[in-house]
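Right, one structure below, let's go through it.
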Amino acid sequence: MTVRVRFAPSPTGELHVGGARTALFNWLFARKHHGVFILRFEDTDIERNRPELIEPILESLRWLGLLWDEGPYFQSHRMALYREWAERLLKENKAYRCYCTPEELEEKRKRALAAKQKPKYDGHCRHLTAQEEQRFLNEGRQPALRLKVPQSGTIVVEDAIRGRVEFDFSELDDFIIVRSDGRPTYNFAVVVDDITMGITHVIRADEHLNNTPKQILLYQAFGYPAPVFAHVPMVLAKDRSKLSKRHGATAVFEFRDRGILPEALVNYLARLGWSHGDQEIFSVQELIEHFSLQAVHPSAAIFDEEKLLWLNQHYLKTSDPKRLGELLRPFLVKLGIFSEAEAHAVPGEKLTQIVVLFRERAKTLTELAEPARYLLTDNFSYDSEAAQKFLTAEKVALLQGLAGALASVEPFTAAELERATRAYLESQGKTLKDVAQACRVALTGRTAGAGLFETMELMGRERVLGRLSSVASLLT
RNA sequence: GUCCCCAUCGACUAGCGGUCUAGGUCACGGCCCUUUCAAGGCCGAAACGGGGGUUCGAAUCCCCCUGGGGACGCCA
């Protein structure tokens, strides 16, 4: 049987890293088993739905490379189907109409909670007579539909990650499957969808484990075998609480915008809660090859940005510089270094050179783009502390002399520049160490950076000579 | 309150009864390399939550406690 899995977000927020990991596990599982990865939007909650979020979620998945084979489907387009399936349960006497109002139910729930009891529906409408129903109808009440749940017994969930999990029917109640306005509830729509879409493996977040017995009951009511369930552990913030906005970046887009590479996020997310021996770095191909639900660690995992950053740097160091250079352009704009048009006009070769020179010093594309400010423009500032420390009168004189020595270097390459610089310093009885930092500050405004001569080459003769000879103006 | 899940270094994890004086990675500390910062190399500190069992033997199996998380909606 072909493996068919689905990722089913609800369009109530951006795609966050927890959801992204769930999607990734589904995708990997599908690819590994040559199966089908289906995308489905669970948008039956008309109050909280935000249709404008659908495209960003799709774009997040595309950016991560998690392309779906089928869909996206929308539950909101499948209302007739749900109605039909609900009708069937009603006809077979497996479900019944409930005329209790949300207000009445809320009242009962509060009372139960206050009495420190588990809130459960009391079966009030389970055995209504025709006259009673008519009376409710006359009052103008719109019934919801509830599933008849056995009062006793147990139901077993065989979870691919957690093993056997047992639930007692006494924990369950006759839950609502269709709202009084005719829209299906989550548990009902999910099961109808998973059955009709032929889902073989339900890989989803841990928080749904408690819903699973209800869903299995629905499978039984419909007379279909349940799929394999796999509940993946939650992704937690540093303080062990559920990841949320107050913890900083959580949305996939935020990481993209900060200059995280998709392959780094994918690698990180895959390795969060899953492992394959001691291996840390995985290509997508390796991930597909080695992924298994059995190897998913069952406990919740804390999202560690430091490790993500380390992986990001790894991919910055090892990816094709040309590709990375092109990725830099939007960051040039975002950092205010260039206008859109200017960023577009920067020769690709320059960007590639920046990548090669700085990739070992940057953890993100943002950091990688930063040096372009002093490399490619004159609109940069000097670190006054550094200037004060390194640009002494003696050093300034030396640098001005150096400007003269470098004026006619040909070609203007790192190797030639180093030769000329060392020769000049030797003639002055100085070493490179004596002037390197001062020179760096004069050229870049800062004390940290790439190799001095490589920096000069990339900067170009005009900027180097100009900055060295005008260095006196920086004296304070 | 009830139910469910989880429990190895600060973090992610390896470990699936003896090979564990518990391994790897991130972060952290030190040293080396070095024109700075990085990168890299080497070294180091750092964990089986507690208590009972089972067993010749337990990080590994069972129970209890504790701790953390989740669910208990006409939300998903």
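Please note that chains go A, B, ... in the order of the structure tokens, that every chain numbers its residues from 1, and that ligands are numbered from 1 in the order shown.
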Restrict the calculation to only C-alpha atoms (C1' of nucleotides), then for each residue of chain A with any atom at most 7 Å from an atom of chain B give the closest atom pair and their distance in Å to one decimal, rows by chain and rising residue number, as a tab-separated table.
```
residue	atom	partner	partner_atom	distance
A:Ser10	CA	B:A76	C1'	6.7
A:Pro102	CA	B:C74	C1'	6.5
A:Lys116	CA	B:G1	C1'	3.9
A:Gln117	CA	B:G1	C1'	5.5
A:Lys118	CA	B:U2	C1'	5.1
A:Pro119	CA	B:C72	C1'	6.6
A:Ala144	CA	B:C74	C1'	6.9
A:Glu171	CA	B:C3	C1'	6.7
A:Ile176	CA	B:C74	C1'	6.9
A:Arg179	CA	B:C74	C1'	4.6
A:Ser180	CA	B:C74	C1'	6.3
A:Tyr186	CA	B:A76	C1'	6.3
A:Glu207	CA	B:G70	C1'	5.5
A:Asn210	CA	B:A71	C1'	5.8
A:Leu272	CA	B:C12	C1'	6.2
A:Ser275	CA	B:U13	C1'	6.9
A:Gly277	CA	B:A14	C1'	6.0
A:Asp278	CA	B:G24	C1'	5.1
A:Glu280	CA	B:U25	C1'	6.5
A:Pro298	CA	B:C6	C1'	7.0
A:Ser299	CA	B:C6	C1'	5.0
A:Asp304	CA	B:A11	C1'	6.3
A:Glu306	CA	B:C26	C1'	6.6
A:Lys307	CA	B:C26	C1'	4.8
A:Glu360	CA	B:A39	C1'	5.3
A:Arg361	CA	B:A38	C1'	4.6
A:Leu432	CA	B:U35	C1'	6.3
A:Lys433	CA	B:U35	C1'	5.4
A:Ala436	CA	B:U35	C1'	4.9
A:Gln437	CA	B:U36	C1'	6.3
A:Thr447	CA	B:U36	C1'	5.7
A:Ala448	CA	B:C37	C1'	4.3
A:Gly449	CA	B:C37	C1'	5.4
```
Spatial neighbours of U55 of chain B, max dist 12 Å, only C-alpha atoms (C1' of nucleotides), sep filter under 4 positions, as an NGL selection string: :B and (17-18 or 61-62)
Have a look at A:Leu15, A:Ile54, A:Ala343, A:Leu147 and name the one nearest to Phe188 of chain A; count only C-alpha atoms. A:Leu147
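Here atom CA of Leu66 of chain A and atom CA of Gly325 of chain A stand 23.6 Å from one another.
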Enumerate, as a PyMOL selection string, the complete set of residues in segment 33-265 of chain A that a backbone-based DSSP assignment places in helix (DSSP H, G or I). chain A and resi 51-64+75-77+79-91+102-114+130-138+169-171+186-196+206-222+245-247+252-257+262-265
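Shell of Ser381 of chain A at 12 Å, with only C-alpha atoms (C1' of nucleotides) counted and residues fewer than 2 places along the chain excluded, is Pro371, Arg373, Tyr374, Thr377, Asp378, Asn379, Asp383, Ser384, Glu385, Ala386, Ala387, Val441, Ala442, Leu443, Thr444, Gly445, Arg446 and Leu474 of chain A.
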Please write the residues from the selection above to a file, keeping N, CA, C and O atoms, as an mmCIF file, in the first residue's frame.
```cif
data_model
loop_
_atom_site.group_PDB
_atom_site.id
_atom_site.type_symbol
_atom_site.label_atom_id
_atom_site.label_comp_id
_atom_site.auth_asym_id
_atom_site.auth_seq_id
_atom_site.Cartn_x
_atom_site.Cartn_y
_atom_site.Cartn_z
ATOM 1 N N PRO A 371 29.779 43.580 5.762
ATOM 2 C CA PRO A 371 31.030 44.208 5.319
ATOM 3 C C PRO A 371 30.909 44.937 3.989
ATOM 4 O O PRO A 371 31.768 45.772 3.662
ATOM 5 N N ARG A 373 29.204 47.212 3.330
ATOM 6 C CA ARG A 373 29.066 48.637 3.620
ATOM 7 C C ARG A 373 30.393 49.368 3.440
ATOM 8 O O ARG A 373 30.473 50.382 2.760
ATOM 9 N N TYR A 374 31.464 48.867 4.022
ATOM 10 C CA TYR A 374 32.756 49.558 3.867
ATOM 11 C C TYR A 374 33.544 49.074 2.657
ATOM 12 O O TYR A 374 34.440 49.733 2.182
ATOM 13 N N THR A 377 30.920 50.668 -0.408
ATOM 14 C CA THR A 377 30.461 52.060 -0.351
ATOM 15 C C THR A 377 31.373 52.853 0.575
ATOM 16 O O THR A 377 32.217 52.288 1.269
ATOM 17 N N ASP A 378 31.193 54.164 0.570
ATOM 18 C CA ASP A 378 31.971 54.991 1.485
ATOM 19 C C ASP A 378 31.102 55.471 2.627
ATOM 20 O O ASP A 378 31.501 56.304 3.435
ATOM 21 N N ASN A 379 29.917 54.943 2.671
ATOM 22 C CA ASN A 379 28.952 55.358 3.674
ATOM 23 C C ASN A 379 29.029 54.466 4.916
ATOM 24 O O ASN A 379 28.090 53.774 5.253
ATOM 25 N N ASP A 383 34.656 53.207 14.190
ATOM 26 C CA ASP A 383 34.509 52.905 15.613
ATOM 27 C C ASP A 383 35.462 53.856 16.348
ATOM 28 O O ASP A 383 36.684 53.718 16.265
ATOM 29 N N SER A 384 34.887 54.825 17.050
ATOM 30 C CA SER A 384 35.738 55.884 17.626
ATOM 31 C C SER A 384 36.721 55.328 18.657
ATOM 32 O O SER A 384 37.860 55.781 18.750
ATOM 33 N N GLU A 385 36.308 54.349 19.368
ATOM 34 C CA GLU A 385 37.196 53.751 20.365
ATOM 35 C C GLU A 385 38.414 53.118 19.694
ATOM 36 O O GLU A 385 39.551 53.295 20.128
ATOM 37 N N ALA A 386 38.122 52.399 18.597
ATOM 38 C CA ALA A 386 39.192 51.746 17.859
ATOM 39 C C ALA A 386 40.122 52.777 17.238
ATOM 40 O O ALA A 386 41.347 52.638 17.270
ATOM 41 N N ALA A 387 39.523 53.829 16.690
ATOM 42 C CA ALA A 387 40.329 54.879 16.056
ATOM 43 C C ALA A 387 41.263 55.517 17.084
ATOM 44 O O ALA A 387 42.447 55.722 16.833
ATOM 45 N N VAL A 441 41.776 49.606 10.817
ATOM 46 C CA VAL A 441 40.838 50.614 11.300
ATOM 47 C C VAL A 441 40.696 51.736 10.266
ATOM 48 O O VAL A 441 39.590 52.194 9.971
ATOM 49 N N ALA A 442 41.804 52.136 9.699
ATOM 50 C CA ALA A 442 41.760 53.217 8.708
ATOM 51 C C ALA A 442 40.921 52.808 7.496
ATOM 52 O O ALA A 442 40.196 53.623 6.922
ATOM 53 N N LEU A 443 41.021 51.549 7.108
ATOM 54 C CA LEU A 443 40.315 51.091 5.905
ATOM 55 C C LEU A 443 38.860 50.724 6.147
ATOM 56 O O LEU A 443 38.005 50.967 5.298
ATOM 57 N N THR A 444 38.619 50.102 7.294
ATOM 58 C CA THR A 444 37.274 49.548 7.505
ATOM 59 C C THR A 444 36.513 50.197 8.654
ATOM 60 O O THR A 444 35.321 49.974 8.812
ATOM 61 N N GLY A 445 37.224 50.927 9.482
ATOM 62 C CA GLY A 445 36.560 51.573 10.606
ATOM 63 C C GLY A 445 36.435 50.683 11.823
ATOM 64 O O GLY A 445 35.873 51.079 12.833
ATOM 65 N N ARG A 446 36.940 49.453 11.696
ATOM 66 C CA ARG A 446 36.783 48.517 12.819
ATOM 67 C C ARG A 446 38.030 47.675 13.018
ATOM 68 O O ARG A 446 38.940 47.673 12.172
ATOM 69 N N LEU A 474 41.218 61.580 10.838
ATOM 70 C CA LEU A 474 40.570 60.797 11.885
ATOM 71 C C LEU A 474 41.234 61.001 13.244
ATOM 72 O O LEU A 474 40.738 60.555 14.265
#
```
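For the choices A:Gly13, A:Gly71, A:Gly223, A:Gly466, the atom-to-atom distance to Glu52 of chain A is smallest for A:Gly13 when using only C-alpha atoms.
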